[in-house]
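For reference, protein.txt (compact mmCIF, C-alpha atoms):
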```txt
# COMPACT_ATOMS: atom_id res chain seq x y z
CA MET A 1 195.22 39.60 -78.84
CA GLU A 2 192.75 38.50 -76.18
CA GLY A 3 193.91 41.35 -73.95
CA LYS A 4 193.34 43.88 -76.69
CA GLU A 5 189.87 42.50 -77.40
CA GLU A 6 189.05 42.83 -73.70
CA ASP A 7 190.21 46.47 -73.68
CA VAL A 8 188.03 47.22 -76.71
CA ARG A 9 185.02 45.52 -75.10
CA LEU A 10 185.43 47.45 -71.87
CA GLY A 11 185.94 50.71 -73.72
CA ALA A 12 182.83 50.23 -75.80
CA ASN A 13 180.73 49.56 -72.71
CA LYS A 14 182.31 52.19 -70.47
CA PHE A 15 179.42 54.56 -71.16
CA ASN A 16 175.75 53.86 -71.63
CA GLU A 17 174.96 52.82 -75.16
CA ARG A 18 172.27 55.47 -75.52
CA GLN A 19 173.11 58.97 -74.40
CA PRO A 20 170.17 61.38 -74.12
CA LEU A 21 170.04 63.86 -76.98
CA GLY A 22 167.99 66.95 -77.77
CA THR A 23 164.83 67.30 -75.71
CA ALA A 24 165.65 64.10 -73.87
CA ALA A 25 168.87 65.63 -72.60
CA GLN A 26 167.04 68.80 -71.67
CA SER A 27 164.46 66.81 -69.71
CA GLN A 28 167.23 65.08 -67.80
CA ASP A 29 168.90 68.43 -67.02
CA ASP A 30 165.59 69.94 -65.99
CA LYS A 31 165.32 67.36 -63.20
CA ASP A 32 168.33 69.01 -61.57
CA TYR A 33 166.65 72.39 -61.70
CA LYS A 34 164.16 73.47 -59.06
CA GLU A 35 161.67 76.17 -59.96
CA PRO A 36 161.86 79.02 -57.44
CA PRO A 37 158.71 79.42 -55.35
CA PRO A 38 156.20 81.99 -56.63
CA ALA A 39 156.33 85.43 -55.06
CA PRO A 40 153.63 86.05 -52.44
CA LEU A 41 150.73 88.26 -53.43
CA PHE A 42 151.43 90.64 -50.56
CA GLU A 43 154.79 91.04 -48.84
CA PRO A 44 154.41 93.50 -45.93
CA GLY A 45 158.05 93.03 -44.96
CA GLU A 46 159.14 94.73 -48.17
CA LEU A 47 157.81 98.04 -46.94
CA THR A 48 160.41 98.13 -44.16
CA SER A 49 163.32 97.18 -46.41
CA TRP A 50 165.66 99.81 -47.86
CA SER A 51 166.31 97.60 -50.90
CA PHE A 52 162.60 97.90 -51.79
CA TYR A 53 162.75 101.69 -51.94
CA ARG A 54 166.17 101.62 -53.61
CA ALA A 55 164.66 99.48 -56.37
CA GLY A 56 161.81 101.98 -56.77
CA ILE A 57 164.27 104.86 -57.05
CA ALA A 58 166.17 102.90 -59.71
CA GLU A 59 162.95 102.44 -61.70
CA PHE A 60 162.19 106.16 -61.38
CA MET A 61 165.64 107.23 -62.56
CA ALA A 62 165.76 104.72 -65.40
CA THR A 63 162.35 105.74 -66.75
CA PHE A 64 163.25 109.42 -66.34
CA LEU A 65 166.40 108.97 -68.43
CA PHE A 66 164.55 106.78 -70.91
CA LEU A 67 161.92 109.45 -71.62
CA TYR A 68 164.49 112.23 -71.65
CA ILE A 69 166.63 110.65 -74.38
CA THR A 70 163.86 109.09 -76.45
CA VAL A 71 161.39 111.99 -76.49
CA LEU A 72 164.26 114.39 -77.21
CA THR A 73 165.19 112.21 -80.18
CA VAL A 74 161.60 112.10 -81.42
CA MET A 75 161.30 115.88 -81.16
CA GLY A 76 164.53 116.35 -83.07
CA VAL A 77 163.18 114.28 -85.97
CA VAL A 78 159.66 115.73 -85.99
CA LYS A 79 160.74 119.38 -86.01
CA ASP A 80 162.69 119.00 -89.27
CA PRO A 81 160.32 119.35 -92.26
CA THR A 82 162.49 117.28 -94.60
CA LYS A 83 163.87 114.74 -92.06
CA CYS A 84 167.02 114.64 -94.21
CA THR A 85 169.23 116.18 -91.53
CA THR A 86 167.87 114.00 -88.71
CA VAL A 87 168.38 110.43 -87.59
CA GLY A 88 164.96 109.48 -88.98
CA ILE A 89 162.76 106.57 -87.90
CA GLN A 90 165.75 104.26 -87.70
CA GLY A 91 167.46 106.65 -85.31
CA ILE A 92 164.36 106.88 -83.13
CA ALA A 93 164.18 103.08 -83.00
CA TRP A 94 167.86 102.91 -82.06
CA ALA A 95 167.35 105.51 -79.33
CA PHE A 96 164.55 103.47 -77.73
CA GLY A 97 166.29 100.11 -78.10
CA GLY A 98 169.71 101.42 -77.10
CA MET A 99 168.42 103.14 -73.98
CA ILE A 100 166.58 100.00 -72.89
CA PHE A 101 169.78 97.99 -73.40
CA ALA A 102 171.84 100.45 -71.34
CA LEU A 103 169.28 101.02 -68.58
CA VAL A 104 168.38 97.35 -68.12
CA TYR A 105 172.08 96.61 -67.86
CA CYS A 106 172.50 99.32 -65.21
CA THR A 107 169.44 98.52 -63.09
CA ALA A 108 168.96 94.77 -63.48
CA GLY A 109 170.88 94.07 -60.26
CA ILE A 110 168.90 96.66 -58.30
CA SER A 111 165.28 96.45 -59.41
CA GLY A 112 165.30 93.90 -62.21
CA GLY A 113 165.38 96.66 -64.83
CA HIS A 114 161.68 96.74 -65.74
CA ILE A 115 161.37 100.40 -66.88
CA ASN A 116 157.89 99.56 -68.19
CA PRO A 117 154.58 98.89 -66.39
CA ALA A 118 153.72 96.25 -69.00
CA VAL A 119 156.90 94.31 -68.17
CA THR A 120 156.14 94.65 -64.47
CA PHE A 121 152.55 93.48 -65.05
CA GLY A 122 153.71 90.44 -67.03
CA LEU A 123 156.24 89.45 -64.37
CA PHE A 124 153.58 89.92 -61.69
CA LEU A 125 151.19 87.58 -63.52
CA ALA A 126 154.01 85.04 -63.70
CA ARG A 127 154.42 85.40 -59.91
CA LYS A 128 157.94 86.78 -60.22
CA LEU A 129 157.22 89.68 -57.86
CA SER A 130 154.59 90.65 -55.31
CA LEU A 131 151.61 92.93 -55.92
CA THR A 132 153.13 95.41 -53.46
CA ARG A 133 156.32 95.70 -55.49
CA ALA A 134 154.48 95.70 -58.82
CA VAL A 135 152.27 98.65 -57.86
CA PHE A 136 155.23 100.55 -56.42
CA TYR A 137 157.30 99.97 -59.56
CA MET A 138 154.48 101.16 -61.84
CA LEU A 139 153.99 104.30 -59.78
CA MET A 140 157.70 105.16 -59.86
CA GLN A 141 157.93 104.40 -63.58
CA CYS A 142 155.05 106.76 -64.36
CA LEU A 143 156.50 109.53 -62.18
CA GLY A 144 159.90 109.14 -63.84
CA ALA A 145 158.31 109.29 -67.29
CA ILE A 146 156.42 112.48 -66.47
CA CYS A 147 159.58 114.14 -65.18
CA GLY A 148 161.62 113.04 -68.20
CA ALA A 149 159.08 114.41 -70.67
CA GLY A 150 158.84 117.59 -68.57
CA VAL A 151 162.58 118.25 -68.92
CA VAL A 152 162.30 117.89 -72.71
CA LYS A 153 159.47 120.45 -72.74
CA GLY A 154 161.71 122.76 -70.71
CA PHE A 155 164.38 122.51 -73.40
CA TYR A 156 162.02 123.19 -76.29
CA GLY A 157 159.67 125.69 -74.67
CA LYS A 158 155.90 125.36 -74.56
CA THR A 159 155.26 126.66 -78.08
CA ASN A 160 157.73 124.44 -79.93
CA TYR A 161 156.95 121.45 -77.75
CA GLU A 162 153.22 121.62 -78.45
CA LEU A 163 153.76 122.43 -82.12
CA HIS A 164 155.48 119.08 -82.60
CA ASN A 165 153.06 117.03 -80.46
CA GLY A 166 155.49 116.52 -77.60
CA GLY A 167 156.42 112.99 -78.63
CA ALA A 168 152.95 111.77 -77.58
CA ASN A 169 151.64 108.46 -78.90
CA MET A 170 148.68 108.66 -81.30
CA VAL A 171 147.14 106.38 -83.89
CA ALA A 172 148.34 107.73 -87.24
CA HIS A 173 145.98 108.88 -89.98
CA GLY A 174 144.97 106.01 -92.21
CA TYR A 175 144.86 103.49 -89.38
CA THR A 176 141.91 102.54 -87.17
CA LYS A 177 141.87 102.26 -83.41
CA GLY A 178 141.74 98.50 -83.90
CA ASP A 179 144.95 98.66 -85.95
CA GLY A 180 146.62 100.64 -83.19
CA LEU A 181 145.42 98.26 -80.48
CA GLY A 182 146.61 95.23 -82.43
CA ALA A 183 150.04 96.80 -83.02
CA GLU A 184 150.40 97.51 -79.32
CA ILE A 185 149.32 94.01 -78.29
CA VAL A 186 151.69 92.22 -80.66
CA GLY A 187 154.58 94.62 -80.03
CA THR A 188 154.32 94.26 -76.25
CA PHE A 189 153.97 90.49 -76.55
CA ILE A 190 157.29 90.39 -78.43
CA LEU A 191 158.98 92.55 -75.81
CA VAL A 192 157.66 90.77 -72.71
CA TYR A 193 158.19 87.31 -74.17
CA THR A 194 161.78 88.30 -74.91
CA VAL A 195 162.15 89.44 -71.30
CA PHE A 196 160.90 86.07 -70.05
CA SER A 197 163.19 84.15 -72.39
CA ALA A 198 166.29 86.25 -71.69
CA THR A 199 165.88 86.02 -67.91
CA ASP A 200 164.68 82.42 -67.64
CA ALA A 201 166.69 80.78 -64.87
CA LYS A 202 165.85 77.29 -66.15
CA ARG A 203 167.25 78.18 -69.56
CA SER A 204 170.38 79.60 -67.98
CA ALA A 205 170.91 76.40 -66.01
CA ARG A 206 170.29 74.19 -69.05
CA ASP A 207 172.23 76.25 -71.59
CA SER A 208 175.04 77.48 -69.36
CA HIS A 209 177.44 77.01 -72.27
CA VAL A 210 175.62 79.75 -74.20
CA PRO A 211 176.51 83.21 -72.82
CA ILE A 212 173.46 85.50 -72.80
CA LEU A 213 173.62 89.16 -71.93
CA ALA A 214 169.94 89.64 -71.09
CA PRO A 215 169.73 93.40 -71.85
CA LEU A 216 170.92 92.82 -75.43
CA PRO A 217 167.97 90.78 -76.78
CA ILE A 218 165.55 92.93 -74.77
CA GLY A 219 166.92 96.15 -76.26
CA PHE A 220 167.00 94.61 -79.73
CA ALA A 221 163.35 93.55 -79.41
CA VAL A 222 162.42 97.14 -78.53
CA PHE A 223 164.39 98.39 -81.55
CA LEU A 224 162.67 96.01 -83.98
CA VAL A 225 159.17 96.68 -82.66
CA HIS A 226 159.75 100.42 -83.05
CA LEU A 227 160.91 99.99 -86.64
CA ALA A 228 157.67 98.16 -87.42
CA THR A 229 155.09 100.20 -85.52
CA ILE A 230 156.31 103.81 -85.39
CA PRO A 231 154.28 104.55 -88.56
CA ILE A 232 151.13 103.15 -86.89
CA THR A 233 151.10 104.43 -83.30
CA GLY A 234 154.50 106.02 -82.75
CA THR A 235 155.10 102.80 -80.77
CA GLY A 236 154.00 102.75 -77.18
CA ILE A 237 154.49 99.22 -75.75
CA ASN A 238 155.22 101.08 -72.51
CA PRO A 239 152.29 102.74 -70.69
CA ALA A 240 154.61 104.94 -68.62
CA ARG A 241 156.25 106.34 -71.75
CA SER A 242 152.82 107.08 -73.27
CA LEU A 243 151.46 108.58 -70.04
CA GLY A 244 154.45 110.84 -69.41
CA ALA A 245 154.35 112.33 -72.91
CA ALA A 246 150.55 112.70 -72.85
CA ILE A 247 150.48 114.49 -69.49
CA ILE A 248 153.17 117.00 -70.45
CA PHE A 249 151.68 117.57 -73.92
CA ASN A 250 148.13 117.57 -72.49
CA LYS A 251 146.08 118.05 -75.64
CA ASP A 252 142.92 116.24 -76.70
CA SER A 253 144.76 114.53 -79.56
CA ALA A 254 147.03 112.79 -77.05
CA TRP A 255 144.14 111.61 -74.84
CA ASP A 256 141.71 110.47 -77.57
CA ASP A 257 143.58 107.21 -78.17
CA HIS A 258 145.44 107.02 -74.87
CA TRP A 259 143.50 103.99 -73.62
CA ILE A 260 145.06 101.96 -76.45
CA PHE A 261 148.51 102.46 -74.92
CA TRP A 262 147.41 100.89 -71.64
CA VAL A 263 145.00 98.19 -72.76
CA GLY A 264 147.18 96.97 -75.63
CA PRO A 265 150.43 96.59 -73.66
CA PHE A 266 148.69 94.95 -70.71
CA ILE A 267 146.96 92.42 -72.97
CA GLY A 268 150.23 91.72 -74.76
CA ALA A 269 152.06 91.27 -71.45
CA ALA A 270 149.35 88.91 -70.15
CA LEU A 271 149.54 86.80 -73.31
CA ALA A 272 153.33 86.62 -73.04
CA ALA A 273 153.10 85.53 -69.39
CA LEU A 274 150.56 82.86 -70.32
CA TYR A 275 152.60 81.60 -73.26
CA HIS A 276 155.74 81.47 -71.16
CA ARG A 277 154.02 79.17 -68.67
CA LEU A 278 152.98 76.62 -71.31
```
What does this structure look like when you write it as structure tokens?
Amino acid sequence: MEGKEEDVRLGANKFNERQPLGTAAQSQDDKDYKEPPPAPLFEPGELTSWSFYRAGIAEFMATFLFLYITVLTVMGVVKDPTKCTTVGIQGIAWAFGGMIFALVYCTAGISGGHINPAVTFGLFLARKLSLTRAVFYMLMQCLGAICGAGVVKGFYGKTNYELHNGGANMVAHGYTKGDGLGAEIVGTFILVYTVFSATDAKRSARDSHVPILAPLPIGFAVFLVHLATIPITGTGINPARSLGAAIIFNKDSAWDDHWIFWVGPFIGAALAALYHRL
């Protein structure tokens, strides 16, 4: 009996009496994680690296394909007077969210899969990439968007394309510019915050038992934001997408509110970067 009591006593004390739980366990795990150093503001060496230009090409191609599919979908819905034979607003939202899911998946290992100047701006503020790379990405994203929208105009012809507003973002009748700006700020905040959360290396290290396919929540965030804000602004949350459609459409109605689709997303991205750092 004494031997059994000794075994029980040793077994009970084999592990610490209090095991860390919840946030306490997370804090202990976080000690084993080292935050990567912030990216330098300028990185001249990038300009001589092929991977730098390869990443830019990936951003160009991804944004080109993104505008091609999404604007084509928008035009297909808008041209039908009844909308009954089209995919409707839900289909447009799925086109945007689905393309982001697919393209982020394809380009994440090459460029990080930004496909959006607001995402690039937010990651730059969080010191995840250099100013050199951020500016280059934004330039390639805008060029890709212009080309993508241009191909859609080629399919539809100038008359039909302009008749249906070319998929350009505008504040809808019944809403103020303030409404449109607020929708863009909140929508971009949701998107960029999701990007930070889905790609957080600390979270991956802490929750390694939870498999996360980063493009999935990012694409789903885009889908949900489009469902909510298409009736207000047509949903920008991506300055390159708004710029590409506006340049190819090139009418006063597209430029009157265009500033909203740059200011709003950049404010939303900055707020997401700030909140992520708290």
Residue nearest Ala134 in chain A - candidates A:Ala272, A:Pro265, A:Phe64, A:Leu41, atoms counted: only C-alpha atoms: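 Nearest candidate to Ala134 in chain A out of A:Ala272, A:Pro265, A:Phe64, A:Leu41: A:Leu41.
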Kindly assemble as CSV a list of the range 173-267 of chain A residues that lie within 6 Å of range 88-99 of chain A, each paired with its nearest atom pair and their distance in Å to one decimal, using only C-alpha atoms, sorted first by chain and then by ascending residue number.
```
residue,atom,partner,partner_atom,distance
A:Gly219,CA,A:Gly97,CA,4.4
A:Phe220,CA,A:Gly97,CA,5.8
A:Val222,CA,A:Gly97,CA,4.9
A:Phe223,CA,A:Gly97,CA,4.3
A:His226,CA,A:Ala93,CA,5.2
A:Leu227,CA,A:Ala93,CA,5.8
```
Given the point (145.1, 93.8, -80.5) in the file's coordinates, find the residues that have an atom at most 12 Å from it, counting only C-alpha atoms, and give them as a ChimeraX atom specification. /A:176-189,237,260-269,271
Please produce an output containing C-alpha atoms for each residue in the selection, written as a compact mmCIF listing (two decimals), in the frame of the given file.
```
# COMPACT_ATOMS: atom_id res chain seq x y z
CA THR A 176 141.91 102.54 -87.17
CA LYS A 177 141.87 102.26 -83.41
CA GLY A 178 141.74 98.50 -83.90
CA ASP A 179 144.95 98.66 -85.95
CA GLY A 180 146.62 100.64 -83.19
CA LEU A 181 145.42 98.26 -80.48
CA GLY A 182 146.61 95.23 -82.43
CA ALA A 183 150.04 96.80 -83.02
CA GLU A 184 150.40 97.51 -79.32
CA ILE A 185 149.32 94.01 -78.29
CA VAL A 186 151.69 92.22 -80.66
CA GLY A 187 154.58 94.62 -80.03
CA THR A 188 154.32 94.26 -76.25
CA PHE A 189 153.97 90.49 -76.55
CA ILE A 237 154.49 99.22 -75.75
CA ILE A 260 145.06 101.96 -76.45
CA PHE A 261 148.51 102.46 -74.92
CA TRP A 262 147.41 100.89 -71.64
CA VAL A 263 145.00 98.19 -72.76
CA GLY A 264 147.18 96.97 -75.63
CA PRO A 265 150.43 96.59 -73.66
CA PHE A 266 148.69 94.95 -70.71
CA ILE A 267 146.96 92.42 -72.97
CA GLY A 268 150.23 91.72 -74.76
CA ALA A 269 152.06 91.27 -71.45
CA LEU A 271 149.54 86.80 -73.31
```
Minimum-distance residue to Gly56 in chain A, chosen among A:Gly150, A:Gly174, A:Gly244, A:Gly112 (using only C-alpha atoms):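 The shortest atom-to-atom distance to Gly56 in chain A comes from A:Gly112.
Between CA of Ile248 in chain A and CA of Ala168 in chain A the interatomic distance comes to 8.8 Å.
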Find the residues of range 73-189 of chain A that sit at most 10 Å from range 43-50 of chain A; for each, write down the nearest two atoms and how far apart they are in Å, to one decimal. Count all atoms listed in the file. Sort by chain, then by number going up, and give it as JSON lines.
```
{"residue": "A:Leu129", "atom": "CA", "partner": "A:Glu43", "partner_atom": "CA", "distance": 9.4}
{"residue": "A:Ser130", "atom": "CA", "partner": "A:Glu43", "partner_atom": "CA", "distance": 6.5}
{"residue": "A:Leu131", "atom": "CA", "partner": "A:Glu43", "partner_atom": "CA", "distance": 8.0}
{"residue": "A:Thr132", "atom": "CA", "partner": "A:Glu43", "partner_atom": "CA", "distance": 6.6}
{"residue": "A:Arg133", "atom": "CA", "partner": "A:Glu46", "partner_atom": "CA", "distance": 7.9}
```
List the spatial neighbours of Thr86 in chain A as a tab-separated table (two decimals) with C-alpha atoms, in the frame of the given file - criterion: any atom at most 8 Å away, only C-alpha atoms, same-chain residues fewer than 4 positions off excluded.
```tsv
chain	number	residue	atom	x	y	z
A	76	GLY	CA	164.53	116.35	-83.07
A	77	VAL	CA	163.18	114.28	-85.97
A	80	ASP	CA	162.69	119.00	-89.27
```
Got a sec: who's within 9 Å of Lys153 in chain A, counting all atoms listed in the file, leaving out chain neighbours fewer than 3 positions off, as a ChimeraX atom specification? /A:72,148-150,156-158,160-162,166,248-249
Which residues come within 9 Å of Glu35 in chain A, counting all atoms listed in the file, excluding same-chain residues fewer than 2 positions away, as JSON, numbers by chain? {"A": [33, 37, 38, 201, 202]}
Since the input has fewer atoms than a full residue there, write range 59-74 of chain A out with N, CA and C atoms, as an mmCIF file, in the coordinates of the input.
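File produced: part-v2.cif:
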```cif
data_model
loop_
_atom_site.group_PDB
_atom_site.id
_atom_site.type_symbol
_atom_site.label_atom_id
_atom_site.label_comp_id
_atom_site.auth_asym_id
_atom_site.auth_seq_id
_atom_site.Cartn_x
_atom_site.Cartn_y
_atom_site.Cartn_z
ATOM 1 N N GLU A 59 163.962 102.433 -60.645
ATOM 2 C CA GLU A 59 162.950 102.440 -61.700
ATOM 3 C C GLU A 59 162.585 103.875 -62.095
ATOM 4 N N PHE A 60 162.488 104.754 -61.099
ATOM 5 C CA PHE A 60 162.190 106.160 -61.380
ATOM 6 C C PHE A 60 163.285 106.782 -62.244
ATOM 7 N N MET A 61 164.528 106.620 -61.832
ATOM 8 C CA MET A 61 165.640 107.230 -62.560
ATOM 9 C C MET A 61 165.784 106.653 -63.960
ATOM 10 N N ALA A 62 165.613 105.346 -64.082
ATOM 11 C CA ALA A 62 165.760 104.720 -65.400
ATOM 12 C C ALA A 62 164.678 105.206 -66.351
ATOM 13 N N THR A 63 163.430 105.286 -65.879
ATOM 14 C CA THR A 63 162.350 105.740 -66.750
ATOM 15 C C THR A 63 162.489 107.226 -67.063
ATOM 16 N N PHE A 64 162.971 108.001 -66.102
ATOM 17 C CA PHE A 64 163.250 109.420 -66.340
ATOM 18 C C PHE A 64 164.263 109.578 -67.479
ATOM 19 N N LEU A 65 165.371 108.879 -67.393
ATOM 20 C CA LEU A 65 166.400 108.970 -68.430
ATOM 21 C C LEU A 65 165.902 108.427 -69.761
ATOM 22 N N PHE A 66 165.111 107.381 -69.699
ATOM 23 C CA PHE A 66 164.550 106.780 -70.910
ATOM 24 C C PHE A 66 163.691 107.791 -71.669
ATOM 25 N N LEU A 67 162.777 108.460 -70.968
ATOM 26 C CA LEU A 67 161.920 109.450 -71.620
ATOM 27 C C LEU A 67 162.726 110.656 -72.082
ATOM 28 N N TYR A 68 163.684 111.064 -71.286
ATOM 29 C CA TYR A 68 164.490 112.230 -71.650
ATOM 30 C C TYR A 68 165.181 112.015 -72.996
ATOM 31 N N ILE A 69 165.874 110.913 -73.141
ATOM 32 C CA ILE A 69 166.630 110.650 -74.380
ATOM 33 C C ILE A 69 165.698 110.356 -75.546
ATOM 34 N N THR A 70 164.693 109.528 -75.329
ATOM 35 C CA THR A 70 163.860 109.090 -76.450
ATOM 36 C C THR A 70 162.938 110.196 -76.960
ATOM 37 N N VAL A 71 162.274 110.917 -76.048
ATOM 38 C CA VAL A 71 161.390 111.990 -76.490
ATOM 39 C C VAL A 71 162.197 113.119 -77.131
ATOM 40 N N LEU A 72 163.383 113.376 -76.602
ATOM 41 C CA LEU A 72 164.260 114.390 -77.210
ATOM 42 C C LEU A 72 164.625 113.976 -78.630
ATOM 43 N N THR A 73 164.877 112.698 -78.832
ATOM 44 C CA THR A 73 165.190 112.210 -80.180
ATOM 45 C C THR A 73 163.994 112.348 -81.104
ATOM 46 N N VAL A 74 162.824 111.972 -80.614
ATOM 47 C CA VAL A 74 161.600 112.100 -81.420
ATOM 48 C C VAL A 74 161.372 113.553 -81.825
#
```
